[in-house]
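Student: Quick one: the structure is below, and I'll ask about it shortly.
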Number of protein chains: 2
Amino acid sequence: MVRRATIGDVATYAGVSTATVSRVLNGGAVAEPTAGRVREAVARLAYTPNALTRSIFAGHSSTIGVVIRDLTSPFYLDLIRGIDEVAAANDSLVLFTNTFRQVDREVAQVRAMDEQRVRGLIMTTGETADSRTRRMAESGAPCVVVARTVPDPPPGVHSVSLDNVAAGRLMATHLTGHGRTSVGVVTAGRRPSQLERTAGLRQALAELGLPLPEEAVTVAESETEVGDAVGSLLAWARSRDRPLDAVVCTTGRLTVAVHSALTGRGVAIPDDVAFLTMDDFAWAPALGISVIAQPSYQMGRRAAELVVERPDEPVTLILAPTLVARASCGEGPGAVPPGQREHGGG
Amino acid sequence: MVRRATIGDVATYAGVSTATVSRVLNGGAVAEPTAGRVREAVARLAYTPNALTRSIFAGHSSTIGVVIRDLTSPFYLDLIRGIDEVAAANDSLVLFTNTFRQVDREVAQVRAMDEQRVRGLIMTTGETADSRTRRMAESGAPCVVVARTVPDPPPGVHSVSLDNVAAGRLMATHLTGHGRTSVGVVTAGRRPSQLERTAGLRQALAELGLPLPEEAVTVAESETEVGDAVGSLLAWARSRDRPLDAVVCTTGRLTVAVHSALTGRGVAIPDDVAFLTMDDFAWAPALGISVIAQPSYQMGRRAAELVVERPDEPVTLILAPTLVARASCGEGPGAVPPGQREHGGG
DNA sequence: CTGAAAGCGCTAACAG
DNA sequence: CTGTTAGCGCTTTCAG
């Protein structure tokens, strides 16, 4: 195993001191003939500076940590793209992990990020790690929570999230705009984002004189539970003698499952039931599925910018959702404001 | 900004030397009462060891670098999952970047990984970085190239890829097994994987007495070019008076685009034309699209294992593709060996 | 079992 | 402009 060249090796080879080499590398004042010899030596020895040692002095690495709960969701790809782009523009890399929705991994990974002295942390999770993130923030590594707002954030802890209530309201106006009055909901559970979307939907529906009964909201934690959830939704609607004419899914993660459960039970979309879900995805235009899109790429950019710019005061960014109307809620403009039609999808 | 506690602070607080603290942290021999005081101090000061400094001694960090060309492809999610899982089991994090198919970013990012002294590098790209990766491998950081085989690999450079010729052959037997004899191909260009898949397809077709003319293979580098590619394919087949009865797509990245181009031109799948593509994806079961699946999760695991286990000799792993037959090539078993039907999808 | 001291690869004063 | 020196936070001999 070949030992790597160090700055000392380069210095010896070039016949200068390590300080001079360091200056050449970092843009200090060095006479041209000397600098030339150093560059020559760097090339000859294939010297690659050690970023780890370097960051000892900076106090932190040039890396941005990202903790994702569930890479599977289409939302995250664009989020990561946004982060990565800002990181690249600021000479940072992205140190990235996936918790697979397991709390113990989440804790371990945030800790690992801390140990790596990341320049800042972006996470789509982290209810469990608030004390550590607060400490990280205090010592100069900003933490940005994505897709959850942090109540009463300490300095250095920011959040970037969707206006989930608005998302729910958008669903309500779009559906009612297409004459739908009997809505069923499949939601993923007790996370605040899920609750808020349902609340927004319920709120806007109520304002139109259309209450959303508890039984019209079913919970499916994972794809495997979706079949039952949809089944019971349909059964309940039949039993009360007022069939569903719309089904809403409050998480992009379950879109495929809910759509399949519906069509698998012979439900025609949009003729029998309108279908509206969260998060745009590559197949949505082809399938004609209307969605409430999150500006996930922008969210990623914003989150990374907060890490880079380290504002003094905690920032809470709440971005607006947009409706992408396609065919799954029926034809016609409905309540869609002009200019919000079909953005090109995925 | 609060200064972080160092090992020295802990030592002072506990009334011991830094060496003793280090021993407690790394499992050296320390008397219990002393160790207790140290642990107490660690907790009190919320001490988190600096992994960067630590890795100076190890010579490398505990991080595995991953360079992805294009996160958009469904293939990569499972790949990353596999890598991440093995990494987690070996106390490693994953340092990850996306090149967005830009060569200059790729070079910069591999360099950055090198500077970060990653424990090993996994990349789905890297034609341009062979000299650096060879040096990295020599100095103890194995490099694993995924989805490309490295000709004549030096020690420490491994590869994990798909048997692309077999993938092409699988396509041929499946299509002909369903009575299709006039195949058109949309492929992404000149990367070896693309070429090999087409070659395998052509080979197996030829063995059945069905030549695949050059005109039957169209190239689309990106989604925007797919419309034209499919259009010219269809036009050519019409002009020679022998309409296409099957269209194959050799990259998962273009599946949506090819499928949409086909259906958008009024082509019925599978009645007019059978459709077969690469890489399984979440919507495939619902859409009834047959695919040739790569064992991407396994590929990720294998790649990470090579990084962790650092075999002396270069390893070239070539994994077999599997056919997931659904409805898009017509009903019936065709040439599908028993037990390879419907694996449950993406 | 524990501490003092040296050193990892690099940067940052401070002289010259 | 350049070299010397100290030191970043940690591990690791080597004595005791």
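Residue numbering restarts at 1 for every chain of the structure tokens, chains are lettered A, B, ... in their displayed order, and ligands are numbered from 1 as they appear.
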Assign secondary structure with DSSP using the backbone only, and return the residues of range 83-287 of chain B in strand (DSSP E or B) as an MDAnalysis selection string.

Tutor: chainID B and resid 93:98 120:123 143:146 157:162 183:187 217:219 246:249 274:278

Student: Could you turn the residues from that selection into a file that holds N, CA and C atoms, as a short mmCIF file (atom, residue, chain, number, x, y, z; two decimals), in the first residue's frame?

Tutor:
```
data_model
loop_
_atom_site.label_atom_id
_atom_site.label_comp_id
_atom_site.auth_asym_id
_atom_site.auth_seq_id
_atom_site.Cartn_x
_atom_site.Cartn_y
_atom_site.Cartn_z
N LEU B 93 -20.45 6.14 7.27
CA LEU B 93 -21.48 6.96 6.67
C LEU B 93 -21.28 6.94 5.17
N VAL B 94 -22.23 7.49 4.46
CA VAL B 94 -22.10 7.57 3.02
C VAL B 94 -21.99 9.03 2.61
N LEU B 95 -20.91 9.33 1.96
CA LEU B 95 -20.71 10.68 1.45
C LEU B 95 -21.06 10.63 -0.02
N PHE B 96 -22.00 11.43 -0.41
CA PHE B 96 -22.65 11.13 -1.65
C PHE B 96 -22.79 12.37 -2.52
N THR B 97 -22.55 12.22 -3.81
CA THR B 97 -22.76 13.35 -4.72
C THR B 97 -23.36 12.88 -6.02
N ASN B 98 -23.93 13.82 -6.70
CA ASN B 98 -24.61 13.56 -7.96
C ASN B 98 -23.90 14.41 -9.02
N GLY B 120 -13.40 4.40 0.88
CA GLY B 120 -13.51 3.73 -0.41
C GLY B 120 -14.48 4.52 -1.26
N LEU B 121 -14.47 4.21 -2.55
CA LEU B 121 -15.28 5.00 -3.46
C LEU B 121 -16.14 4.06 -4.31
N ILE B 122 -17.40 4.41 -4.42
CA ILE B 122 -18.28 3.66 -5.30
C ILE B 122 -18.80 4.63 -6.34
N MET B 123 -18.65 4.29 -7.60
CA MET B 123 -19.17 5.24 -8.58
C MET B 123 -19.84 4.57 -9.75
N CYS B 143 -11.79 1.24 -4.96
CA CYS B 143 -12.78 1.88 -5.82
C CYS B 143 -13.64 0.82 -6.48
N VAL B 144 -14.92 1.00 -6.39
CA VAL B 144 -15.82 0.06 -7.03
C VAL B 144 -16.62 0.80 -8.08
N VAL B 145 -16.50 0.35 -9.30
CA VAL B 145 -17.25 0.95 -10.38
C VAL B 145 -18.52 0.14 -10.57
N VAL B 146 -19.64 0.82 -10.55
CA VAL B 146 -20.92 0.12 -10.70
C VAL B 146 -21.48 0.40 -12.08
N VAL B 157 -9.19 -1.93 -7.55
CA VAL B 157 -10.28 -1.39 -8.37
C VAL B 157 -11.19 -2.55 -8.78
N HIS B 158 -12.42 -2.46 -8.35
CA HIS B 158 -13.35 -3.55 -8.63
C HIS B 158 -14.53 -3.04 -9.43
N SER B 159 -15.34 -3.97 -9.91
CA SER B 159 -16.55 -3.51 -10.59
C SER B 159 -17.71 -4.46 -10.34
N VAL B 160 -18.87 -3.87 -10.28
CA VAL B 160 -20.10 -4.63 -10.11
C VAL B 160 -21.03 -4.17 -11.22
N SER B 161 -21.41 -5.08 -12.08
CA SER B 161 -22.28 -4.63 -13.15
C SER B 161 -23.27 -5.71 -13.55
N LEU B 162 -24.12 -5.31 -14.44
CA LEU B 162 -25.15 -6.22 -14.92
C LEU B 162 -24.61 -6.96 -16.13
N VAL B 183 -38.91 -5.94 -34.21
CA VAL B 183 -38.57 -5.20 -32.99
C VAL B 183 -37.90 -3.87 -33.32
N GLY B 184 -38.33 -2.83 -32.64
CA GLY B 184 -37.65 -1.54 -32.72
C GLY B 184 -37.02 -1.23 -31.37
N VAL B 185 -35.91 -0.47 -31.38
CA VAL B 185 -35.17 -0.21 -30.15
C VAL B 185 -34.97 1.30 -29.96
N VAL B 186 -35.21 1.74 -28.73
CA VAL B 186 -34.79 3.10 -28.36
C VAL B 186 -33.69 2.95 -27.32
N THR B 187 -32.55 3.53 -27.61
CA THR B 187 -31.40 3.37 -26.72
C THR B 187 -30.78 4.73 -26.43
N VAL B 217 -32.81 0.62 -34.74
CA VAL B 217 -32.24 1.09 -33.47
C VAL B 217 -32.10 2.61 -33.52
N THR B 218 -32.84 3.31 -32.66
CA THR B 218 -32.74 4.76 -32.63
C THR B 218 -32.14 5.22 -31.31
N VAL B 219 -31.46 6.34 -31.39
CA VAL B 219 -30.78 6.86 -30.20
C VAL B 219 -31.49 8.11 -29.68
N ALA B 246 -43.07 -4.71 -31.72
CA ALA B 246 -42.46 -4.62 -30.39
C ALA B 246 -41.51 -3.43 -30.33
N VAL B 247 -41.52 -2.74 -29.21
CA VAL B 247 -40.54 -1.67 -28.98
C VAL B 247 -39.83 -1.94 -27.66
N VAL B 248 -38.52 -1.85 -27.72
CA VAL B 248 -37.69 -2.10 -26.56
C VAL B 248 -36.98 -0.80 -26.17
N CYS B 249 -36.88 -0.56 -24.88
CA CYS B 249 -36.16 0.61 -24.39
C CYS B 249 -35.01 0.09 -23.53
N ALA B 274 -45.71 -4.64 -28.57
CA ALA B 274 -45.27 -5.03 -27.23
C ALA B 274 -44.26 -4.01 -26.73
N PHE B 275 -44.25 -3.79 -25.41
CA PHE B 275 -43.31 -2.81 -24.84
C PHE B 275 -42.52 -3.47 -23.72
N LEU B 276 -41.20 -3.37 -23.82
CA LEU B 276 -40.34 -3.99 -22.83
C LEU B 276 -39.21 -3.02 -22.52
N THR B 277 -38.95 -2.82 -21.23
CA THR B 277 -37.93 -1.82 -20.88
C THR B 277 -37.04 -2.32 -19.76
N MET B 278 -36.09 -1.51 -19.36
CA MET B 278 -35.14 -1.87 -18.31
C MET B 278 -35.57 -1.29 -16.96
#
```

Student: Which residues of chain A come within 6 Å of chain B, and for each one, what is the closest pair of atoms and their distance in Å to one decimal, counting only C-alpha atoms, sorted by chain and residue number, as CSV?

Tutor:
```
residue,atom,partner,partner_atom,distance
A:Met1,CA,B:Ser139,CA,5.3
A:Val2,CA,B:Ser139,CA,4.7
A:Arg3,CA,B:Ser139,CA,5.9
A:Pro49,CA,B:Glu115,CA,5.9
A:Asn50,CA,B:Glu115,CA,5.1
A:Ala51,CA,B:Glu115,CA,5.1
A:Leu52,CA,B:Leu52,CA,5.4
A:Val94,CA,B:Phe96,CA,5.9
A:Leu95,CA,B:Leu95,CA,4.3
A:Phe96,CA,B:Leu95,CA,5.7
A:Glu115,CA,B:Ala51,CA,5.1
A:Gln116,CA,B:Ala51,CA,5.1
A:Glu138,CA,B:Met1,CA,5.6
A:Ser139,CA,B:Val2,CA,4.7
```

Student: Write the residues of the selection above to a file with N, CA, C and O atoms, as a PDB file, in the first residue's frame.

Tutor:
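What landed in out02.pdb:
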```
ATOM      1  N   MET A   1       0.839  -1.194   0.000  1.00  0.00           N
ATOM      2  CA  MET A   1       0.000   0.000   0.000  1.00  0.00           C
ATOM      3  C   MET A   1       0.872   1.240   0.000  1.00  0.00           C
ATOM      4  O   MET A   1       1.662   1.459   0.916  1.00  0.00           O
ATOM      5  N   VAL A   2       0.732   2.027  -0.994  1.00  0.00           N
ATOM      6  CA  VAL A   2       1.565   3.217  -1.156  1.00  0.00           C
ATOM      7  C   VAL A   2       1.167   4.297  -0.153  1.00  0.00           C
ATOM      8  O   VAL A   2      -0.011   4.592  -0.001  1.00  0.00           O
ATOM      9  N   ARG A   3       2.176   4.852   0.525  1.00  0.00           N
ATOM     10  CA  ARG A   3       1.884   5.958   1.428  1.00  0.00           C
ATOM     11  C   ARG A   3       1.569   7.201   0.601  1.00  0.00           C
ATOM     12  O   ARG A   3       2.174   7.451  -0.439  1.00  0.00           O
ATOM     13  N   PRO A  49      -4.291  17.308  -1.154  1.00  0.00           N
ATOM     14  CA  PRO A  49      -4.342  17.746   0.247  1.00  0.00           C
ATOM     15  C   PRO A  49      -5.399  16.983   1.040  1.00  0.00           C
ATOM     16  O   PRO A  49      -6.381  16.534   0.496  1.00  0.00           O
ATOM     17  N   ASN A  50      -5.154  16.863   2.309  1.00  0.00           N
ATOM     18  CA  ASN A  50      -6.047  16.140   3.197  1.00  0.00           C
ATOM     19  C   ASN A  50      -7.083  17.112   3.772  1.00  0.00           C
ATOM     20  O   ASN A  50      -6.792  17.918   4.641  1.00  0.00           O
ATOM     21  N   ALA A  51      -8.311  16.979   3.277  1.00  0.00           N
ATOM     22  CA  ALA A  51      -9.360  17.909   3.701  1.00  0.00           C
ATOM     23  C   ALA A  51      -9.706  17.732   5.174  1.00  0.00           C
ATOM     24  O   ALA A  51     -10.204  18.659   5.817  1.00  0.00           O
ATOM     25  N   LEU A  52      -9.449  16.555   5.702  1.00  0.00           N
ATOM     26  CA  LEU A  52      -9.780  16.300   7.105  1.00  0.00           C
ATOM     27  C   LEU A  52      -8.902  17.152   8.012  1.00  0.00           C
ATOM     28  O   LEU A  52      -9.380  17.862   8.896  1.00  0.00           O
ATOM     29  N   VAL A  94     -21.957  16.839  -0.032  1.00  0.00           N
ATOM     30  CA  VAL A  94     -23.124  16.462   0.739  1.00  0.00           C
ATOM     31  C   VAL A  94     -22.885  15.098   1.373  1.00  0.00           C
ATOM     32  O   VAL A  94     -22.579  14.134   0.691  1.00  0.00           O
ATOM     33  N   LEU A  95     -22.961  15.075   2.672  1.00  0.00           N
ATOM     34  CA  LEU A  95     -22.821  13.823   3.409  1.00  0.00           C
ATOM     35  C   LEU A  95     -24.227  13.382   3.748  1.00  0.00           C
ATOM     36  O   LEU A  95     -24.960  14.105   4.417  1.00  0.00           O
ATOM     37  N   PHE A  96     -24.561  12.192   3.295  1.00  0.00           N
ATOM     38  CA  PHE A  96     -25.966  11.946   3.222  1.00  0.00           C
ATOM     39  C   PHE A  96     -26.324  10.577   3.799  1.00  0.00           C
ATOM     40  O   PHE A  96     -25.563   9.618   3.617  1.00  0.00           O
ATOM     41  N   GLU A 115     -20.277  14.141  14.764  1.00  0.00           N
ATOM     42  CA  GLU A 115     -18.885  13.725  14.900  1.00  0.00           C
ATOM     43  C   GLU A 115     -18.067  14.119  13.679  1.00  0.00           C
ATOM     44  O   GLU A 115     -16.886  14.422  13.791  1.00  0.00           O
ATOM     45  N   GLN A 116     -18.696  14.079  12.552  1.00  0.00           N
ATOM     46  CA  GLN A 116     -18.005  14.468  11.323  1.00  0.00           C
ATOM     47  C   GLN A 116     -17.854  15.983  11.231  1.00  0.00           C
ATOM     48  O   GLN A 116     -17.310  16.494  10.263  1.00  0.00           O
ATOM     49  N   GLU A 138     -25.615  25.792  18.295  1.00  0.00           N
ATOM     50  CA  GLU A 138     -24.885  26.705  19.174  1.00  0.00           C
ATOM     51  C   GLU A 138     -23.410  26.761  18.834  1.00  0.00           C
ATOM     52  O   GLU A 138     -22.781  27.810  18.903  1.00  0.00           O
ATOM     53  N   SER A 139     -22.876  25.628  18.466  1.00  0.00           N
ATOM     54  CA  SER A 139     -21.438  25.615  18.190  1.00  0.00           C
ATOM     55  C   SER A 139     -21.140  25.929  16.734  1.00  0.00           C
ATOM     56  O   SER A 139     -20.030  25.695  16.259  1.00  0.00           O
TER      57      SER A 139
END
```

Student: Determine, counting only C-alpha atoms (C1' of nucleotides), which protein, DNA and RNA residues have an atom within 6 Å of an atom of Gly288 in chain B; residues of the same chain fewer than 6 positions away are not included. Present the result as a PDB file with N, CA, C and O atoms, in the first residue's frame.

Tutor:
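Here's the written file out_9.pdb:
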```pdb
ATOM      1  N   ARG B 326     -45.087  -8.903 -17.222  1.00  0.00           N
ATOM      2  CA  ARG B 326     -46.421  -8.434 -16.878  1.00  0.00           C
ATOM      3  C   ARG B 326     -47.231  -8.436 -18.173  1.00  0.00           C
ATOM      4  O   ARG B 326     -47.123  -9.397 -18.942  1.00  0.00           O
ATOM      5  N   ALA B 327     -48.003  -7.436 -18.424  1.00  0.00           N
ATOM      6  CA  ALA B 327     -48.928  -7.536 -19.553  1.00  0.00           C
ATOM      7  C   ALA B 327     -48.459  -6.859 -20.838  1.00  0.00           C
ATOM      8  O   ALA B 327     -49.059  -7.039 -21.884  1.00  0.00           O
ATOM      9  N   SER B 328     -47.380  -6.094 -20.781  1.00  0.00           N
ATOM     10  CA  SER B 328     -47.092  -5.212 -21.907  1.00  0.00           C
ATOM     11  C   SER B 328     -46.514  -5.904 -23.137  1.00  0.00           C
ATOM     12  O   SER B 328     -46.272  -5.257 -24.160  1.00  0.00           O
TER      13      SER B 328
END
```

Student: Taking only C-alpha atoms (C1' of nucleotides) into account, produce a table as CSV in which each residue of chain B with an atom at most 8 Å from an atom of chain C appears once, together with its shortest atom pair and the distance in Å to one decimal, ordered by chain and rising number.

Tutor:
```
residue,atom,partner,partner_atom,distance
B:Ser17,CA,C:DG3,C1',6.2
B:Ala19,CA,C:DG3,C1',7.5
B:Thr20,CA,C:DT2,C1',7.0
B:Ala29,CA,C:DC1,C1',7.2
B:Val30,CA,C:DC1,C1',6.2
B:Ala31,CA,C:DC1,C1',6.5
B:Ile56,CA,C:DC8,C1',5.7
B:Phe57,CA,C:DC8,C1',5.7
```

Student: Only C-alpha atoms, please: the residues just picked out, written as a PDB file, in the first residue's frame.

Tutor:
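result.pdb was written with the following content:
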```pdb
ATOM      1  CA  SER B  17      -5.117  12.955  31.382  1.00  0.00           C
ATOM      2  CA  ALA B  19      -4.766   9.641  27.255  1.00  0.00           C
ATOM      3  CA  THR B  20      -7.095   8.166  29.836  1.00  0.00           C
ATOM      4  CA  ALA B  29      -7.871  -0.753  30.056  1.00  0.00           C
ATOM      5  CA  VAL B  30      -9.081   1.752  32.629  1.00  0.00           C
ATOM      6  CA  ALA B  31     -10.008   1.181  36.277  1.00  0.00           C
ATOM      7  CA  ILE B  56      -5.843  11.576  10.741  1.00  0.00           C
ATOM      8  CA  PHE B  57      -4.452   8.600  12.583  1.00  0.00           C
TER       9      PHE B  57
END
```

Student: One decimal, Å: what's the distance from CA of Asn90 in chain A over to CA of Val308 in chain A, could you say?

Tutor: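 Between CA of Asn90 in chain A and CA of Val308 in chain A the gap works out to 7.7 Å.
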
Student: Give as a VMD selection string every residue of chain D that touches chain B within 8 Å, counting only C-alpha atoms (C1' of nucleotides).

Tutor: chain D and resid 9 to 11

Student: Could you please take those selected residues and save N, CA and C atoms (P, O5', C5', C4', C3', O3' and C1' of nucleotides) as a CSV table (one decimal), in the first residue's frame?

Tutor:
```
chain,number,residue,atom,x,y,z
D,9,DG,P,-9.1,22.4,19.4
D,9,DG,O5',-9.2,20.9,19.3
D,9,DG,C5',-10.0,20.3,18.2
D,9,DG,C4',-9.8,18.8,18.2
D,9,DG,C3',-10.0,18.1,19.6
D,9,DG,O3',-10.8,17.0,19.3
D,9,DG,C1',-7.9,17.6,18.7
D,10,DC,P,-11.2,16.0,20.5
D,10,DC,O5',-10.1,14.8,20.2
D,10,DC,C5',-10.3,14.0,19.0
D,10,DC,C4',-9.0,13.3,18.7
D,10,DC,C3',-8.7,12.1,19.7
D,10,DC,O3',-9.2,10.9,19.1
D,10,DC,C1',-6.8,13.4,19.0
D,11,DT,P,-9.1,9.5,19.9
D,11,DT,O5',-7.6,9.1,19.6
D,11,DT,C5',-7.3,8.7,18.3
D,11,DT,C4',-5.8,8.3,18.2
D,11,DT,C3',-5.5,7.0,18.9
D,11,DT,O3',-4.7,6.3,18.0
D,11,DT,C1',-4.0,8.7,19.6
```

Student: Between CA of Glu313 in chain B and CA of Pro153 in chain B, what distance in Å does the model show, to one decimal?

Tutor: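 Going from CA of Glu313 in chain B over to CA of Pro153 in chain B covers 9.3 Å.
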
Student: Would you mind reading off the distance between CA of Val165 in chain B and CA of Gly189 in chain B, one decimal, in Å?

Tutor: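 Straight-line distance from CA of Val165 in chain B to CA of Gly189 in chain B works out to 15.7 Å.
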
Student: Do a neighbour search on Gly231 in chain A at 10 Å with only C-alpha atoms (C1' of nucleotides), toss out local chain neighbours closer than 3 positions, and write the hits as a list in words.

Tutor: Thr218, Val226, Gly227, Asp228, Leu234, Ala235, Trp236, Ala261, Leu262 and Arg265 of chain A

Student: Go ahead and dump the residues you just picked, C-alpha atoms, as a tab-separated table (two decimals), in the first residue's frame.

Tutor:
```
chain	number	residue	atom	x	y	z
A	218	THR	CA	-58.57	6.42	6.97
A	226	VAL	CA	-53.63	0.85	1.88
A	227	GLY	CA	-55.84	-1.89	0.46
A	228	ASP	CA	-57.76	-2.22	3.71
A	234	LEU	CA	-65.59	2.51	0.11
A	235	ALA	CA	-67.63	0.22	2.34
A	236	TRP	CA	-68.45	3.01	4.77
A	261	ALA	CA	-56.41	-0.08	-4.69
A	262	LEU	CA	-59.02	2.09	-6.34
A	265	ARG	CA	-61.68	-2.49	-7.02
```

Student: Give me, as an MDAnalysis selection string, all polymer residues having an atom no more than 10 Å from Leu208 in chain B, counting only C-alpha atoms (C1' of nucleotides) and skipping those fewer than 2 positions away in the same chain.

Tutor: chainID B and resid 172:173 176 181 202:206 210:211

Student: Those same residues, written as a PDB file, in the first residue's frame with N, CA, C and O atoms?

Tutor:
```pdb
ATOM      1  N   ALA B 172     -35.041 -10.513 -26.123  1.00  0.00           N
ATOM      2  CA  ALA B 172     -35.322 -11.196 -27.388  1.00  0.00           C
ATOM      3  C   ALA B 172     -36.181 -12.439 -27.175  1.00  0.00           C
ATOM      4  O   ALA B 172     -37.196 -12.642 -27.858  1.00  0.00           O
ATOM      5  N   THR B 173     -35.792 -13.254 -26.193  1.00  0.00           N
ATOM      6  CA  THR B 173     -36.553 -14.499 -26.006  1.00  0.00           C
ATOM      7  C   THR B 173     -37.963 -14.217 -25.507  1.00  0.00           C
ATOM      8  O   THR B 173     -38.914 -14.876 -25.926  1.00  0.00           O
ATOM      9  N   THR B 176     -39.976 -12.789 -28.640  1.00  0.00           N
ATOM     10  CA  THR B 176     -40.267 -13.810 -29.646  1.00  0.00           C
ATOM     11  C   THR B 176     -41.190 -14.882 -29.067  1.00  0.00           C
ATOM     12  O   THR B 176     -42.047 -15.417 -29.773  1.00  0.00           O
ATOM     13  N   THR B 181     -41.964 -10.395 -33.902  1.00  0.00           N
ATOM     14  CA  THR B 181     -40.860 -10.648 -34.832  1.00  0.00           C
ATOM     15  C   THR B 181     -40.255  -9.381 -35.413  1.00  0.00           C
ATOM     16  O   THR B 181     -39.241  -9.430 -36.085  1.00  0.00           O
ATOM     17  N   ARG B 202     -29.709  -8.208 -30.375  1.00  0.00           N
ATOM     18  CA  ARG B 202     -29.472  -8.497 -31.798  1.00  0.00           C
ATOM     19  C   ARG B 202     -29.003  -9.938 -31.999  1.00  0.00           C
ATOM     20  O   ARG B 202     -29.481 -10.654 -32.880  1.00  0.00           O
ATOM     21  N   GLN B 203     -28.084 -10.322 -31.155  1.00  0.00           N
ATOM     22  CA  GLN B 203     -27.517 -11.665 -31.176  1.00  0.00           C
ATOM     23  C   GLN B 203     -28.593 -12.742 -31.080  1.00  0.00           C
ATOM     24  O   GLN B 203     -28.708 -13.616 -31.937  1.00  0.00           O
ATOM     25  N   ALA B 204     -29.398 -12.622 -30.016  1.00  0.00           N
ATOM     26  CA  ALA B 204     -30.413 -13.655 -29.768  1.00  0.00           C
ATOM     27  C   ALA B 204     -31.472 -13.652 -30.868  1.00  0.00           C
ATOM     28  O   ALA B 204     -31.987 -14.702 -31.259  1.00  0.00           O
ATOM     29  N   LEU B 205     -31.768 -12.471 -31.351  1.00  0.00           N
ATOM     30  CA  LEU B 205     -32.738 -12.362 -32.432  1.00  0.00           C
ATOM     31  C   LEU B 205     -32.188 -13.054 -33.688  1.00  0.00           C
ATOM     32  O   LEU B 205     -32.896 -13.817 -34.370  1.00  0.00           O
ATOM     33  N   ALA B 206     -30.915 -12.783 -33.966  1.00  0.00           N
ATOM     34  CA  ALA B 206     -30.285 -13.368 -35.156  1.00  0.00           C
ATOM     35  C   ALA B 206     -30.305 -14.890 -35.077  1.00  0.00           C
ATOM     36  O   ALA B 206     -30.571 -15.583 -36.070  1.00  0.00           O
ATOM     37  N   LEU B 210     -34.005 -13.755 -37.007  1.00  0.00           N
ATOM     38  CA  LEU B 210     -34.642 -12.437 -37.086  1.00  0.00           C
ATOM     39  C   LEU B 210     -33.593 -11.332 -36.980  1.00  0.00           C
ATOM     40  O   LEU B 210     -33.272 -10.885 -35.879  1.00  0.00           O
ATOM     41  N   PRO B 211     -33.046 -10.896 -38.073  1.00  0.00           N
ATOM     42  CA  PRO B 211     -32.023  -9.842 -38.000  1.00  0.00           C
ATOM     43  C   PRO B 211     -32.609  -8.533 -37.487  1.00  0.00           C
ATOM     44  O   PRO B 211     -33.798  -8.259 -37.676  1.00  0.00           O
TER      45      PRO B 211
END
```

Student: Write out as number ranges by chain each polymer residue whose atoms come within 9 Å of range 237-242 of chain A, counting only C-alpha atoms (C1' of nucleotides); drop sequence neighbours fewer than 5 positions from it.

Tutor: A: 182, 184, 215-216, 232
